[in-house]
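Remarks on the structure that follows.
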4 protein chains.
Amino acid sequence: MIQAALIGAGRIGRIHAASVGGHPESTLKYVFDVFEKAAVEVAQAYGATVAPVETILEDPEVDLVLICSSTDTHADLIERSARAGKAIFCEKPIDLSMDRVQAVLDVVKTTGARLMLGFNRRFDPNFMALKKSLDGGEVGTPEIVTISSRDPGAPPAEYIKVSGGLFRDMTIHDFDMARWLLGEEPVMVYAAAAALTDKKIGELGDVDTAVVTLTCASGRMAVITNSRRATYGYDQRIEVHGSGGMLSAGNVLEHSVTRADADGQTAAKPMFFFLERYAAAYRNEFAALMESLKSGAMPGPDGTDGARALVLAEAALKSRQTGAPVAVS
Amino acid sequence: MIQAALIGAGRIGRIHAASVGGHPESTLKYVFDVFEKAAVEVAQAYGATVAPVETILEDPEVDLVLICSSTDTHADLIERSARAGKAIFCEKPIDLSMDRVQAVLDVVKTTGARLMLGFNRRFDPNFMALKKSLDGGEVGTPEIVTISSRDPGAPPAEYIKVSGGLFRDMTIHDFDMARWLLGEEPVMVYAAAAALTDKKIGELGDVDTAVVTLTCASGRMAVITNSRRATYGYDQRIEVHGSGGMLSAGNVLEHSVTRADADGQTAAKPMFFFLERYAAAYRNEFAALMESLKSGAMPGPDGTDGARALVLAEAALKSRQTGAPVAVS
Amino acid sequence: MIQAALIGAGRIGRIHAASVGGHPESTLKYVFDVFEKAAVEVAQAYGATVAPVETILEDPEVDLVLICSSTDTHADLIERSARAGKAIFCEKPIDLSMDRVQAVLDVVKTTGARLMLGFNRRFDPNFMALKKSLDGGEVGTPEIVTISSRDPGAPPAEYIKVSGGLFRDMTIHDFDMARWLLGEEPVMVYAAAAALTDKKIGELGDVDTAVVTLTCASGRMAVITNSRRATYGYDQRIEVHGSGGMLSAGNVLEHSVTRADADGQTAAKPMFFFLERYAAAYRNEFAALMESLKSGAMPGPDGTDGARALVLAEAALKSRQTGAPVAVS
Amino acid sequence: MIQAALIGAGRIGRIHAASVGGHPESTLKYVFDVFEKAAVEVAQAYGATVAPVETILEDPEVDLVLICSSTDTHADLIERSARAGKAIFCEKPIDLSMDRVQAVLDVVKTTGARLMLGFNRRFDPNFMALKKSLDGGEVGTPEIVTISSRDPGAPPAEYIKVSGGLFRDMTIHDFDMARWLLGEEPVMVYAAAAALTDKKIGELGDVDTAVVTLTCASGRMAVITNSRRATYGYDQRIEVHGSGGMLSAGNVLEHSVTRADADGQTAAKPMFFFLERYAAAYRNEFAALMESLKSGAMPGPDGTDGARALVLAEAALKSRQTGAPVAVS
């Protein structure tokens, strides 16, 4: 039985607590949150104890630390958990600064810690089916990967301020998906972007709408289109145009009902947002982590995947600022 | 060059006139209609002459007579055209009375006339693709044929009165499709039906909503669902559940655009009604007739197909009246 | 905390055990199965105790009995549970004999027991969305309800023998859905059916392919098409043609990926079978039962719903045997 | 009656000849082609006369010249036709050199000639429906326009050599669509591109796969993805993500039939290529030209539209060569 501790009992932390509780071979021992009330609620629901981080890391019975606290705490907590010999699951990103990320990865490497980064989309059943088909050669070599990734609505201004900006906060998932599907590292990043949905976002120096082009050495390309506001719902689609066909993963709708009337044929909206759309992905993600803990294999996506996605995000940011494509290595 | 004459210059007659005019090997020589104005309009558009039926049938240059006049004139016109040695295209039905139909078919047989019945749906590109796949064995043997056939709105009461009723007027097309797809003649007909869309239709002794079950000796079945009023548009779908899979021909929509917004994802309505939906079918139908005239093969669907569909329609009517299934032979 | 006991630890019993275990307000206390090994496995997974039925019914701490054993034990177990003052969930059917069902319902009535029948499809999120739209008047009054209900493959001959036949075993779910959606009791049943998929099924006196028509006093109709073998997967679709539009609940596919290549555009198959397709329905069903236990409201669908569905199944059987429609009251 | 002359009787010329022949108010008087056989065939089919360009331009009865000859003849023929006082329809592009295009437009302006450029996609019924919805404000202001435009297979190397390259030959249509839908002129062009489908294309200095980003002053963006080889067929899709929703025009399939079997649910391929897919667009295009000739309004898209699309194509080419975005004015 794997004993886990949860640090950060907010929205996403609760998702992972449920995964721990729902898995036959894991149990939640501790919960910590800077808001004690949140920690208590989650602890009670899963028979866990509220405890400070120190206690968690010092308890030799704790096998796994799930880091779901605010972004600015991730790097420190990963390092401390790694040094305490814990397996680590951390929500993306490791840090907004590439230097800091590199320092963390060094600690992870030195300590030999197992670290899984929360790129949950790799575990979405639909994207997994697409990847399996792609890896099975069903459409040949990928040539153009097209990722449509749009949120139903922008987060509040306070969140935007500390988010690291669109590319590091939102597009980072798409950068990971692009890498995963291209099967080759991008070498060039060009980002066209603007604040179109909300003036305030622009006033904060951020953007909310973007088209990002990634190019690989072989000539393969990926294009990501982002918006912070899709009035039609959480838009999460992927297309891979390959040398032998095309794979498309469409949106997952709220239900399968269509209403036909004088106005046309109306299908349901996409599932509301990431908690709903990626519910199965979060479960699969945790199951994969458990598998790796059992088999002894290193879990993935790992810290390096986190770093590479961040490199692309920083390149996109620089591209937007300079107006020129940015080479990455 | 095939010289054709059109009898009946209404809505459907004009469709066939356009097919004659648009085919590189046919030309329209005469038009007749009881409303002279209609005849004149069509004649002018295609460089034809308005003439009475006698003139048409006596002119040895006329190869083909297209009968698109009112139902009560069909039987007589087929007989006269057959005796005049003309090839004949006639809109369904031959007649509402089975005895009269039999008499007509005898004349057709005796004279050796070529007669094609206007079961246009057999020539719809979508249904042709379905049939080709079925005949190619792609889904094995048909077991359940499901036909959804619903009109956007009921015709006026005056039309209902002389229509011969739902089964002979509207379902007759579906009976023909069922026979065509089952690959075996039905031996039993059961019709559940009611006047649900308009009280007046019930007061006229007719129905507007029906579920008709056809059973073959082998156990294969077809089910037809009809309504005179589909607020969502002309609903024309076919499914064939076979021993090795299923074929479905969906509706043909007005366009391929979907609008996604807070209410869902709205696709276009089906094409309005038979003139729009079956535009290609009418062209293909005429082209097939021309092919048979050139090759010397007998055209199809022929008079016997018309008679068999009518047998099924009469059985359905009797089934509705008696409440019991009706055997047909 | 509701304490539940499971009788019958087979495939479907395990589904309900998981629902009990996964619900925050219920716990599984006992498990019984004639195969002790099955009982032990389930008991261990949920921290329950293996015990005979007597012990279960005598324990005053048991609030709820879940009857998932073989059909021939249902009636007796419902009666005993009712007399023991337990709330009851029972998989359909109560019994294959209408007389026995009536006797059971009398006991349920006399004892005032809460009885929920396992018509899980009412709790499928897609069908719930359809029902909500229908009840909200979005397509007016229902006129034709079309239910496509086809299994991926027939059960073994031994199961067929004791199943009560297609109508009581498989179509019974569709009869319940038809009643639920028509909003009016059918008064006439006509069933056309044959053994087309497997000769052995016919030799056992059963059928595997059916088209069943239900007619209500108002003229509303429902048509059910069944097959024991859909090579393309578990086919579970519903359409409601109403006076103001149409609602269609399509199949739920394994994933949202489409592969386009020289052969066309291939989407995934429907989810394999009832355990997969109706996973959410089973959870929702149990949650609804828990709601009713908490609120004190009688749960539904109840024993009467079970009885009425069985009446329709028996009428369908008689219709197939006599070839005539059968009136029900 | 508009009297038209066709210059260039190849594949696309024949399409326009059919439009002339099929329109009730136009007739084809002359045909010219450098391959006399082609000219004769088309002339015979439509009752026209084969004649040299001089004769055509000198005949005062000729109202309209349709220029469908090779690209290198367009500029000269437009100028001569304009000076001869003819209305002009010319297939894109006017010329591969921007200077030459400007000179032609000067002649068009000076002579006051009516010139329609063959951007047929604006007349596709699906894209027209999308545009109408967009112009009607149904999805608010456009923010991201996504154009997927991929050919079923590359043209022969000889064609590639004289084509002007991917951007001027193929993407030019997409540049026109982007301008049409953005409602604002792009000011920046970035093109990532490679020769991935065929080494020979790369050896000729051209590319076959591209992702082109267009940015407007307001921040609106368009992204075009091109491939010379889509094994799954002619891929022609448009999406407009707007401030109030999204419009998507999907591919037009060969037919509406889906085959479901053990491998999944397979729909038809997109219609083969531009002649099939855009058949209705060509008819609508000619009808719009006829309307403008009748009403006296200047037809559109006009020479300026042709020039602006070429400006974008040249910018894309330069962007690919330099690796940097290119500003356009």
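By convention in this document, the chains of the structure tokens carry letters A, B, ... by their order, each chain's residues are numbered from 1, and ligands are numbered from 1 in the order they are shown.
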
When you get a sec, could you note down which chain B residues fall within 10 Å of chain D, using only C-alpha atoms, as an NGL selection string? :B and (21-22 or 24 or 45-46 or 124-131 or 133-134 or 138-139 or 237-268)

Any idea what's packed within 6 Å of segment 214-230 of chain A, counting only C-alpha atoms, ignoring anything in its chain fewer than 4 positions away? Could you give it as a VMD selection string? (chain A and resid 143 to 154 186 to 189 208 to 210) or (chain D and resid 194)

Test item: residues at most 8 Å from segment 110-114 of chain A, only C-alpha atoms, excluding those fewer than 3 positions along its chain, as a list of chain:residue names: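 Non-adjacent residues within range: A:Ala82, A:Arg83, A:Gly85, A:Lys86, A:Ala87, A:Ile88, A:Asp106, A:Val107, A:Met298, A:Pro299.
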
Have a look at atom CA of Lys92 of chain B and atom CA of Lys294 of chain B and let me know their distance in Å, one decimal.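 We find that atom CA of Lys92 of chain B and atom CA of Lys294 of chain B lie 23.4 Å from each other.
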